[in-house]
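Notes for the one structure printed next.
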Amino acid sequence: MGKYLKKNSKKKDSLIETAYDHNVPIFCPAFTDSSAGFGLVIHQEKNPEKHMTIDSIREFRELTEIKIQSKGSGLFMIGGGVPKNFVQDTVICAELLGKEVEMHKYAVQITVADSRDGACSSSTLKEASSWGKVDITKEQMVFAEATSVLPLIASDAYHRGDWKNRTRKNFSKIFK
């Protein structure tokens with residue numbers, strides 16, 4: 001990222017803008033389950049002829065298509081809930097569409113939740129394997145507060161430099 005900023009001498013203030021500039025789609029399956037979702041309801045009510053809407057079914061279809069077209073996939077999840085299930089379920093959805101796909105080859109989940117009381121979306125990654133979603137040979141539950149460990153993980157990944165030799169994906173243009 002540092003080289004990109006220097007090369008173009010344009011500071012990026014937004015993760016959303018950076019993702020857009022690099023053709024990285026952002027999926028937000030539970031957006032309506034927030035104060036922003038309430039704001040969209042008000043927006044649609046006040047603008048019945050011209051308003052923004054979110055199509056979560058299309059998002060699920062698009063994410064499933066990314067899974068179908070990918071040679072291999074892995075998951076890096078912060079927290080749980082709807083986003084965790086949304087991305088894991090692409091394997092099941094692809095199979096229901098008659099496509100043969102492998103389970104996600106690896107998965108890391110950072111969470112403070114515990115499955116004993118129904119938190120952690122009621123399941124660990126080992127349980128996700130029983131549903132055919134995640135291969136447990138390379139899974140890791142990280143029981144920690146994300147803001148304390150995510151910077152360490154991101155820093156390690158950046159400094160290893162493996163990303164420099166990878167071919168850039170263009171998943172945001174998958175249906176064009």
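Residues in the structure tokens are numbered from 1 in each chain, the chains being A, B, ... in the order shown, and ligands are numbered from 1 in the order shown.
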
Please tabulate, as CSV, the residues of range 13-80 of chain A that come within 7 Å of range 99-117 of chain A, each with its closest pair of atoms and the distance in Å to one decimal, counting only C-alpha atoms and ordering rows by chain, then residue number upward.
residue,atom,partner,partner_atom,distance
A:Ile68,CA,A:Val101,CA,6.3
A:Gly72,CA,A:Lys105,CA,6.6
A:Ser73,CA,A:His104,CA,5.0
A:Gly74,CA,A:Tyr106,CA,4.6
A:Leu75,CA,A:Ala107,CA,4.5
A:Phe76,CA,A:Val108,CA,4.9
A:Met77,CA,A:Gln109,CA,4.6
A:Ile78,CA,A:Ile110,CA,4.9
A:Gly79,CA,A:Thr111,CA,4.8

Show which residues sit within 8 Å of Lys67 in chain A, as a ChimeraX atom specification. Count only C-alpha atoms, and ignore same-chain residues fewer than 2 positions away.
/A:63-65,69-70,72-73,90-91,94,101

Could you give me, as number ranges by chain, each residue of chain A that DSSP assigns to alpha helix (DSSP H) when run on this structure's backbone?
A: 2-8, 15-21, 35-46, 56-69, 81-88, 90-96, 125-130, 146-160

May I have the residues from that selection written out with C-alpha atoms, as a JSON list (two decimals), in the first residue's frame?
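Just written: out13.json:
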[["chain", "number", "residue", "atom", "x", "y", "z"],
["A", 2, "GLY", "CA", 2.85, 2.39, 0.81],
["A", 3, "LYS", "CA", 4.30, 2.13, -2.72],
["A", 4, "TYR", "CA", 0.84, 2.71, -4.20],
["A", 5, "LEU", "CA", 0.37, 5.90, -2.22],
["A", 6, "LYS", "CA", 3.80, 7.27, -3.17],
["A", 7, "LYS", "CA", 3.51, 6.28, -6.83],
["A", 8, "ASN", "CA", 0.19, 8.02, -7.33],
["A", 15, "LEU", "CA", -11.09, 1.61, 2.75],
["A", 16, "ILE", "CA", -14.17, 1.59, 0.50],
["A", 17, "GLU", "CA", -12.47, 3.87, -2.07],
["A", 18, "THR", "CA", -9.31, 1.77, -2.03],
["A", 19, "ALA", "CA", -11.33, -1.42, -2.54],
["A", 20, "TYR", "CA", -13.22, 0.21, -5.43],
["A", 21, "ASP", "CA", -9.99, 1.43, -7.06],
["A", 35, "SER", "CA", -28.91, 1.96, 12.16],
["A", 36, "ALA", "CA", -27.76, 2.42, 8.55],
["A", 37, "GLY", "CA", -30.49, -0.03, 7.52],
["A", 38, "PHE", "CA", -33.08, 2.09, 9.29],
["A", 39, "GLY", "CA", -31.70, 5.10, 7.44],
["A", 40, "LEU", "CA", -32.24, 3.30, 4.12],
["A", 41, "VAL", "CA", -35.86, 2.57, 5.04],
["A", 42, "ILE", "CA", -36.39, 6.28, 5.72],
["A", 43, "HIS", "CA", -34.55, 7.15, 2.49],
["A", 44, "GLN", "CA", -36.85, 4.87, 0.46],
["A", 45, "GLU", "CA", -39.96, 6.25, 2.16],
["A", 46, "LYS", "CA", -38.95, 9.84, 1.40],
["A", 56, "SER", "CA", -28.64, -9.29, -0.44],
["A", 57, "ILE", "CA", -29.71, -12.22, -2.64],
["A", 58, "ARG", "CA", -27.65, -10.83, -5.52],
["A", 59, "GLU", "CA", -24.71, -10.36, -3.15],
["A", 60, "PHE", "CA", -24.99, -14.00, -2.06],
["A", 61, "ARG", "CA", -25.19, -15.11, -5.71],
["A", 62, "GLU", "CA", -22.13, -13.01, -6.61],
["A", 63, "LEU", "CA", -20.09, -14.30, -3.68],
["A", 64, "THR", "CA", -21.11, -17.88, -4.56],
["A", 65, "GLU", "CA", -19.99, -17.27, -8.15],
["A", 66, "ILE", "CA", -16.61, -16.10, -6.85],
["A", 67, "LYS", "CA", -16.36, -19.39, -4.93],
["A", 68, "ILE", "CA", -17.33, -21.37, -8.05],
["A", 69, "GLN", "CA", -14.75, -19.62, -10.24],
["A", 81, "GLY", "CA", -22.73, -13.83, 12.88],
["A", 82, "VAL", "CA", -24.28, -13.32, 9.47],
["A", 83, "PRO", "CA", -21.04, -12.43, 7.60],
["A", 84, "LYS", "CA", -19.36, -15.62, 8.86],
["A", 85, "ASN", "CA", -22.26, -17.84, 7.76],
["A", 86, "PHE", "CA", -22.71, -15.89, 4.52],
["A", 87, "VAL", "CA", -19.19, -16.62, 3.28],
["A", 88, "GLN", "CA", -19.08, -20.20, 4.56],
["A", 90, "THR", "CA", -21.09, -20.29, -0.57],
["A", 91, "VAL", "CA", -19.89, -23.91, -0.69],
["A", 92, "ILE", "CA", -23.39, -25.22, 0.07],
["A", 93, "CYS", "CA", -25.04, -22.76, -2.33],
["A", 94, "ALA", "CA", -22.67, -23.73, -5.16],
["A", 95, "GLU", "CA", -23.50, -27.39, -4.61],
["A", 96, "LEU", "CA", -27.23, -26.61, -4.62],
["A", 125, "LEU", "CA", -14.75, -23.91, 12.43],
["A", 126, "LYS", "CA", -14.57, -27.62, 13.30],
["A", 127, "GLU", "CA", -18.38, -27.69, 13.26],
["A", 128, "ALA", "CA", -18.40, -25.83, 9.92],
["A", 129, "SER", "CA", -16.37, -28.74, 8.58],
["A", 130, "SER", "CA", -19.15, -31.17, 9.52],
["A", 146, "ALA", "CA", -9.66, -8.41, 17.09],
["A", 147, "THR", "CA", -8.24, -4.92, 17.55],
["A", 148, "SER", "CA", -5.35, -6.39, 19.53],
["A", 149, "VAL", "CA", -4.38, -9.21, 17.14],
["A", 150, "LEU", "CA", -5.49, -8.05, 13.69],
["A", 151, "PRO", "CA", -2.70, -5.43, 13.38],
["A", 152, "LEU", "CA", -0.15, -8.13, 14.26],
["A", 153, "ILE", "CA", -1.53, -10.56, 11.68],
["A", 154, "ALA", "CA", -1.77, -7.88, 8.96],
["A", 155, "SER", "CA", 1.76, -6.68, 9.69],
["A", 156, "ASP", "CA", 3.15, -10.20, 9.51],
["A", 157, "ALA", "CA", 1.37, -10.88, 6.20],
["A", 158, "TYR", "CA", 2.57, -7.60, 4.72],
["A", 159, "HIS", "CA", 6.19, -8.04, 5.79],
["A", 160, "ARG", "CA", 6.40, -11.64, 4.55]]

DSSP on the backbone: which residues in chain A end up as strand (DSSP E)? Give the answer as a PyMOL selection string.
chain A and resi 74-78+106-111+139-143

Keeping only N, CA and C atoms, write those residues as an mmCIF file, in the first residue's frame.
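After the write, again.cif holds the following:
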data_model
loop_
_atom_site.group_PDB
_atom_site.id
_atom_site.type_symbol
_atom_site.label_atom_id
_atom_site.label_comp_id
_atom_site.auth_asym_id
_atom_site.auth_seq_id
_atom_site.Cartn_x
_atom_site.Cartn_y
_atom_site.Cartn_z
ATOM 1 N N GLY A 74 -10.036 -19.544 0.843
ATOM 2 C CA GLY A 74 -9.821 -19.577 2.273
ATOM 3 C C GLY A 74 -10.587 -18.436 2.904
ATOM 4 N N LEU A 75 -10.778 -18.520 4.186
ATOM 5 C CA LEU A 75 -11.565 -17.512 4.894
ATOM 6 C C LEU A 75 -10.742 -16.877 6.000
ATOM 7 N N PHE A 76 -10.866 -15.579 6.126
ATOM 8 C CA PHE A 76 -10.278 -14.846 7.239
ATOM 9 C C PHE A 76 -11.409 -14.032 7.823
ATOM 10 N N MET A 77 -11.907 -14.469 8.972
ATOM 11 C CA MET A 77 -13.130 -13.887 9.525
ATOM 12 C C MET A 77 -12.850 -13.198 10.847
ATOM 13 N N ILE A 78 -13.376 -12.008 10.967
ATOM 14 C CA ILE A 78 -13.275 -11.251 12.204
ATOM 15 C C ILE A 78 -14.669 -11.219 12.800
ATOM 16 N N TYR A 106 -8.755 -23.285 3.869
ATOM 17 C CA TYR A 106 -8.280 -22.864 5.177
ATOM 18 C C TYR A 106 -9.215 -21.817 5.734
ATOM 19 N N ALA A 107 -9.176 -21.662 7.045
ATOM 20 C CA ALA A 107 -10.029 -20.668 7.679
ATOM 21 C C ALA A 107 -9.401 -20.212 8.983
ATOM 22 N N VAL A 108 -9.469 -18.927 9.209
ATOM 23 C CA VAL A 108 -9.045 -18.328 10.465
ATOM 24 C C VAL A 108 -10.213 -17.472 10.936
ATOM 25 N N GLN A 109 -10.564 -17.616 12.182
ATOM 26 C CA GLN A 109 -11.608 -16.781 12.764
ATOM 27 C C GLN A 109 -11.078 -16.151 14.039
ATOM 28 N N ILE A 110 -11.160 -14.829 14.097
ATOM 29 C CA ILE A 110 -10.798 -14.094 15.310
ATOM 30 C C ILE A 110 -12.099 -13.730 16.011
ATOM 31 N N THR A 111 -12.235 -14.157 17.244
ATOM 32 C CA THR A 111 -13.478 -13.898 17.966
ATOM 33 C C THR A 111 -13.252 -13.954 19.474
ATOM 34 N N GLU A 139 -7.364 -24.979 9.852
ATOM 35 C CA GLU A 139 -8.291 -24.025 10.457
ATOM 36 C C GLU A 139 -7.742 -23.590 11.799
ATOM 37 N N GLN A 140 -8.067 -22.358 12.165
ATOM 38 C CA GLN A 140 -7.587 -21.867 13.445
ATOM 39 C C GLN A 140 -8.591 -20.897 14.043
ATOM 40 N N MET A 141 -9.072 -21.242 15.201
ATOM 41 C CA MET A 141 -9.899 -20.320 15.969
ATOM 42 C C MET A 141 -8.933 -19.491 16.815
ATOM 43 N N VAL A 142 -9.022 -18.174 16.708
ATOM 44 C CA VAL A 142 -8.190 -17.273 17.504
ATOM 45 C C VAL A 142 -9.123 -16.584 18.489
ATOM 46 N N PHE A 143 -9.079 -17.013 19.736
ATOM 47 C CA PHE A 143 -9.942 -16.424 20.742
ATOM 48 C C PHE A 143 -9.230 -15.216 21.329
#

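CA of Asn23 in chain A to CA of Ile174 in chain A spans 10.1 Å [interatomic distance, one decimal].
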
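Across the model, the gap from CA of Gly80 in chain A to CA of Ala30 in chain A is 11.4 Å.
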
Expressed in Å to a single decimal, how great is the separation between CA of Lys173 in chain A and CA of Cys28 in chain A?
17.5 Å

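Residue neighbourhood of Arg168 in chain A, excluding near-sequence residues (fewer than 3 positions): His22, Asn23, Val24, Trp163, Lys164, Asn165 and Phe171 of chain A, at 10 Å, using only C-alpha atoms.
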